[in-house]
Amino acid sequence: AVEAGLFSLDDDIDAALGFDAANWRYPAEPITARQLLTHTSSLSDNWSVLDTYYAWGDPVIPLRDAVYDYVSPSGANYGPANWLPLKPGKVMAYSNIGAGTAGYLVEGASGIAFDTWCEDEIFGPLGMGRSAWHLSDLYEPDVAHPHVWTGAGFRVIEHYGYADYPNGLLRTTATDMGRFLASFIEGGVYEGTRILEEDSVDEMKTIQHGSDQGL
């Protein structure tokens with residue numbers, strides 16, 4: 001998305017999102033795509049909100065609504081518990097909603113749904129025909145089900161989804177994932193198909209924060 005000029009790594013994300021995103025305590029501090037991608041944005045996972053984003057099957061809340069309601073001062077779920085009491089860029093703390101917001105940057109800036117954009121720009125070109133963000137885009141009987149032991153036997157746990165799905169809801173196969181990893185190892189190209197420039201891959205491999213910055 002950065003290579004396509006949709007946004008830059010270090011500019012304020014507001015233009016790409018199409019709305020303001022601000023830390024409750026530091027509203028004037030910009031948040032950048034690099035911070036989202038390196039978990040240094042100061043976004044924190046407030047599970048009293050994020051739990052409401054879950055549903056059996058595919059998510060029912062649009063990605064845009066989930067992100068807007070969480071990160072925008074005008075959002076319905078906005079509040080101090082969504083943020084660390086630190087300025088953006090000060091500390092690394094893993095954030096699911098931060099990764100989801102990074103995914104929405106692509107959708108907000110391109111006008112194309114994030115799952116569709118991934119299919120057009122990554123899965124399709126690499127031949128990842130059994131990879132998708134939503135169950136509705138897969139042959140569900142082929143998708144593995146987790147199970148739980150009840151004491152008397154195993155019970156199937158049905159598939160679930162969550163609205164901020166770019167943070168980890170991809171379902172794929174070992175072969176498809178191997179294609180993606182091979183393209184990364186080879187500097188952004190797989191069997192003659194390039195999805196990233198080598199400079200971008202090098203930037204992704206570069207340590208982005210100090211060892212004392214984690215939380």
# chains A, B, ... in the order shown; residues from 1 in each chain; ligands from 1
>>> select_by_dssp(residues="chain A", states="alpha helix (DSSP H)", output="PyMOL selection string")
chain A and resi 14-17+33-37+47-50+63-71+96-110+114-118+124-126+174-185+198-205
>>> closest_atom_pairs(of="region 78-138 of chain A", to="region 10-31 of chain A", cutoff="7 Å", atoms="only C-alpha atoms", output="Markdown table")
| residue | atom | partner | partner_atom | distance |
| --- | --- | --- | --- | --- |
| A:Gly79 | CA | A:Trp24 | CA | 6.6 |
| A:Pro80 | CA | A:Trp24 | CA | 5.5 |
| A:Trp83 | CA | A:Asn23 | CA | 6.0 |
| A:Pro85 | CA | A:Arg25 | CA | 6.7 |
| A:Lys87 | CA | A:Tyr26 | CA | 6.3 |
| A:Pro88 | CA | A:Ile31 | CA | 6.3 |
| A:Leu105 | CA | A:Leu17 | CA | 5.4 |
| A:Gly108 | CA | A:Leu17 | CA | 4.9 |
| A:Ala109 | CA | A:Ala16 | CA | 4.6 |
>>> residues_around(residues="Thr172 (chain A)", least_positions_apart="3", cutoff="8 Å", atoms="only C-alpha atoms", output="number ranges by chain")
A: 130-132, 176-177
>>> residues_around(residues="Ala93 (chain A)", least_positions_apart="2", cutoff="10 Å", atoms="only C-alpha atoms", output="CSV table (one decimal) with C-alpha atoms, in the first residue's frame")
chain,number,residue,atom,x,y,z
A,38,THR,CA,5.5,-1.8,15.1
A,39,HIS,CA,3.0,-1.8,18.0
A,40,THR,CA,4.2,1.6,19.2
A,41,SER,CA,1.0,3.6,18.5
A,42,SER,CA,-0.1,3.7,22.2
A,43,LEU,CA,-3.3,1.9,21.3
A,44,SER,CA,-4.2,-0.6,24.0
A,45,ASP,CA,-6.6,-3.6,23.8
A,84,LEU,CA,-1.8,3.7,27.1
A,90,LYS,CA,7.2,6.0,23.2
A,91,VAL,CA,6.8,2.3,24.0
A,95,SER,CA,-2.1,-4.2,20.2
A,96,ASN,CA,-4.7,-6.3,18.3
A,98,GLY,CA,-3.6,-1.5,16.4
A,213,GLN,CA,11.2,0.1,24.6
A,214,GLY,CA,8.9,-2.9,25.2
A,215,LEU,CA,6.1,-2.9,27.7
>>> atom_distance(atom1="CA of Gly178 (chain A)", atom2="CA of His209 (chain A)")
27.7 Å
>>> select_by_dssp(residues="chain A", states="strand (DSSP E)", output="ChimeraX atom specification")
/A:54-56,147-149,154-156,160-162,189-190,193-194
>>> closest_residue(among="A:Pro125, A:Pro62, A:Leu6, A:Trp117", to="Arg194 (chain A)", atoms="only C-alpha atoms")
A:Pro125
>>> closest_residue(among="A:Leu37, A:Ala152, A:Ala163, A:Ala4", to="Val67 (chain A)", atoms="only C-alpha atoms")
A:Ala163
>>> closest_residue(among="A:Glu198, A:Glu3, A:Glu191, A:Asp164", to="Asp51 (chain A)", atoms="only C-alpha atoms")
A:Asp164
>>> residues_around(residues="Ile195 (chain A)", least_positions_apart="3", cutoff="12 Å", atoms="only C-alpha atoms", output="number ranges by chain")
A: 1, 3-4, 118-127, 179-184, 186-192, 198-201
>>> closest_residue(among="A:Leu36, A:Met204, A:Ala113, A:Val71", to="Tyr165 (chain A)", atoms="only C-alpha atoms")
A:Ala113
>>> closest_residue(among="A:Thr32, A:Trp56, A:Val2, A:Leu63", to="Glu158 (chain A)", atoms="only C-alpha atoms")
A:Trp56
>>> closest_residue(among="A:Tyr94, A:Trp149, A:Trp47, A:Tyr104", to="Ala66 (chain A)", atoms="only C-alpha atoms")
A:Tyr104
>>> decode(residues="region 41-62 of chain A", atoms="N, CA, C and O atoms", output="PDB file, in the first residue's frame")
ATOM      1  N   SER A  41       1.991   2.540  18.747  1.00  0.00           N
ATOM      2  CA  SER A  41       1.030   3.620  18.503  1.00  0.00           C
ATOM      3  C   SER A  41       0.388   4.148  19.781  1.00  0.00           C
ATOM      4  O   SER A  41      -0.280   5.179  19.750  1.00  0.00           O
ATOM      5  N   SER A  42       0.565   3.433  20.891  1.00  0.00           N
ATOM      6  CA  SER A  42      -0.059   3.689  22.192  1.00  0.00           C
ATOM      7  C   SER A  42      -1.485   3.169  22.268  1.00  0.00           C
ATOM      8  O   SER A  42      -2.144   3.323  23.297  1.00  0.00           O
ATOM      9  N   LEU A  43      -1.996   2.540  21.211  1.00  0.00           N
ATOM     10  CA  LEU A  43      -3.288   1.865  21.289  1.00  0.00           C
ATOM     11  C   LEU A  43      -3.193   0.657  22.212  1.00  0.00           C
ATOM     12  O   LEU A  43      -2.211  -0.098  22.167  1.00  0.00           O
ATOM     13  N   SER A  44      -4.199   0.468  23.034  1.00  0.00           N
ATOM     14  CA  SER A  44      -4.236  -0.632  23.981  1.00  0.00           C
ATOM     15  C   SER A  44      -5.518  -1.431  23.769  1.00  0.00           C
ATOM     16  O   SER A  44      -6.554  -0.880  23.386  1.00  0.00           O
ATOM     17  N   ASP A  45      -5.458  -2.738  24.011  1.00  0.00           N
ATOM     18  CA  ASP A  45      -6.615  -3.607  23.807  1.00  0.00           C
ATOM     19  C   ASP A  45      -7.553  -3.531  25.013  1.00  0.00           C
ATOM     20  O   ASP A  45      -7.269  -4.094  26.076  1.00  0.00           O
ATOM     21  N   ASN A  46      -8.648  -2.837  24.833  1.00  0.00           N
ATOM     22  CA  ASN A  46      -9.692  -2.736  25.848  1.00  0.00           C
ATOM     23  C   ASN A  46     -10.714  -3.831  25.572  1.00  0.00           C
ATOM     24  O   ASN A  46     -11.596  -3.688  24.721  1.00  0.00           O
ATOM     25  N   TRP A  47     -10.617  -4.951  26.289  1.00  0.00           N
ATOM     26  CA  TRP A  47     -11.422  -6.124  25.942  1.00  0.00           C
ATOM     27  C   TRP A  47     -12.901  -5.946  26.275  1.00  0.00           C
ATOM     28  O   TRP A  47     -13.744  -6.675  25.749  1.00  0.00           O
ATOM     29  N   SER A  48     -13.222  -4.975  27.099  1.00  0.00           N
ATOM     30  CA  SER A  48     -14.650  -4.714  27.310  1.00  0.00           C
ATOM     31  C   SER A  48     -15.306  -4.229  26.030  1.00  0.00           C
ATOM     32  O   SER A  48     -16.514  -4.405  25.831  1.00  0.00           O
ATOM     33  N   VAL A  49     -14.512  -3.623  25.141  1.00  0.00           N
ATOM     34  CA  VAL A  49     -14.997  -3.226  23.818  1.00  0.00           C
ATOM     35  C   VAL A  49     -14.747  -4.326  22.798  1.00  0.00           C
ATOM     36  O   VAL A  49     -15.655  -4.732  22.056  1.00  0.00           O
ATOM     37  N   LEU A  50     -13.531  -4.842  22.754  1.00  0.00           N
ATOM     38  CA  LEU A  50     -13.168  -5.798  21.707  1.00  0.00           C
ATOM     39  C   LEU A  50     -14.008  -7.069  21.785  1.00  0.00           C
ATOM     40  O   LEU A  50     -14.294  -7.686  20.752  1.00  0.00           O
ATOM     41  N   ASP A  51     -14.399  -7.478  22.969  1.00  0.00           N
ATOM     42  CA  ASP A  51     -15.244  -8.670  23.075  1.00  0.00           C
ATOM     43  C   ASP A  51     -16.576  -8.486  22.360  1.00  0.00           C
ATOM     44  O   ASP A  51     -17.176  -9.467  21.898  1.00  0.00           O
ATOM     45  N   THR A  52     -17.045  -7.255  22.251  1.00  0.00           N
ATOM     46  CA  THR A  52     -18.313  -7.006  21.548  1.00  0.00           C
ATOM     47  C   THR A  52     -18.152  -7.106  20.039  1.00  0.00           C
ATOM     48  O   THR A  52     -19.153  -7.112  19.310  1.00  0.00           O
ATOM     49  N   TYR A  53     -16.918  -7.164  19.550  1.00  0.00           N
ATOM     50  CA  TYR A  53     -16.647  -7.262  18.122  1.00  0.00           C
ATOM     51  C   TYR A  53     -16.681  -8.708  17.618  1.00  0.00           C
ATOM     52  O   TYR A  53     -16.576  -8.950  16.418  1.00  0.00           O
ATOM     53  N   TYR A  54     -16.791  -9.676  18.546  1.00  0.00           N
ATOM     54  CA  TYR A  54     -16.769 -11.087  18.177  1.00  0.00           C
ATOM     55  C   TYR A  54     -18.172 -11.575  17.793  1.00  0.00           C
ATOM     56  O   TYR A  54     -19.172 -11.084  18.313  1.00  0.00           O
ATOM     57  N   ALA A  55     -18.194 -12.554  16.895  1.00  0.00           N
ATOM     58  CA  ALA A  55     -19.451 -13.180  16.488  1.00  0.00           C
ATOM     59  C   ALA A  55     -19.148 -14.601  16.030  1.00  0.00           C
ATOM     60  O   ALA A  55     -18.031 -14.907  15.602  1.00  0.00           O
ATOM     61  N   TRP A  56     -20.120 -15.493  16.132  1.00  0.00           N
ATOM     62  CA  TRP A  56     -19.961 -16.821  15.544  1.00  0.00           C
ATOM     63  C   TRP A  56     -20.021 -16.691  14.031  1.00  0.00           C
ATOM     64  O   TRP A  56     -20.857 -15.979  13.503  1.00  0.00           O
ATOM     65  N   GLY A  57     -19.110 -17.368  13.354  1.00  0.00           N
ATOM     66  CA  GLY A  57     -19.008 -17.216  11.905  1.00  0.00           C
ATOM     67  C   GLY A  57     -18.251 -15.953  11.564  1.00  0.00           C
ATOM     68  O   GLY A  57     -17.350 -15.534  12.285  1.00  0.00           O
ATOM     69  N   ASP A  58     -18.603 -15.331  10.465  1.00  0.00           N
ATOM     70  CA  ASP A  58     -17.928 -14.101  10.046  1.00  0.00           C
ATOM     71  C   ASP A  58     -18.400 -12.914  10.882  1.00  0.00           C
ATOM     72  O   ASP A  58     -19.534 -12.908  11.395  1.00  0.00           O
ATOM     73  N   PRO A  59     -17.550 -11.899  11.029  1.00  0.00           N
ATOM     74  CA  PRO A  59     -17.953 -10.725  11.814  1.00  0.00           C
ATOM     75  C   PRO A  59     -19.143 -10.010  11.183  1.00  0.00           C
ATOM     76  O   PRO A  59     -19.317 -10.017   9.968  1.00  0.00           O
ATOM     77  N   VAL A  60     -19.941  -9.387  12.034  1.00  0.00           N
ATOM     78  CA  VAL A  60     -21.137  -8.689  11.556  1.00  0.00           C
ATOM     79  C   VAL A  60     -20.968  -7.177  11.615  1.00  0.00           C
ATOM     80  O   VAL A  60     -21.767  -6.444  11.030  1.00  0.00           O
ATOM     81  N   ILE A  61     -19.942  -6.702  12.309  1.00  0.00           N
ATOM     82  CA  ILE A  61     -19.655  -5.267  12.375  1.00  0.00           C
ATOM     83  C   ILE A  61     -18.619  -4.933  11.311  1.00  0.00           C
ATOM     84  O   ILE A  61     -17.574  -5.586  11.237  1.00  0.00           O
ATOM     85  N   PRO A  62     -18.860  -3.932  10.451  1.00  0.00           N
ATOM     86  CA  PRO A  62     -17.878  -3.578   9.427  1.00  0.00           C
ATOM     87  C   PRO A  62     -16.555  -3.118  10.043  1.00  0.00           C
ATOM     88  O   PRO A  62     -16.538  -2.504  11.126  1.00  0.00           O
TER      89      PRO A  62
END
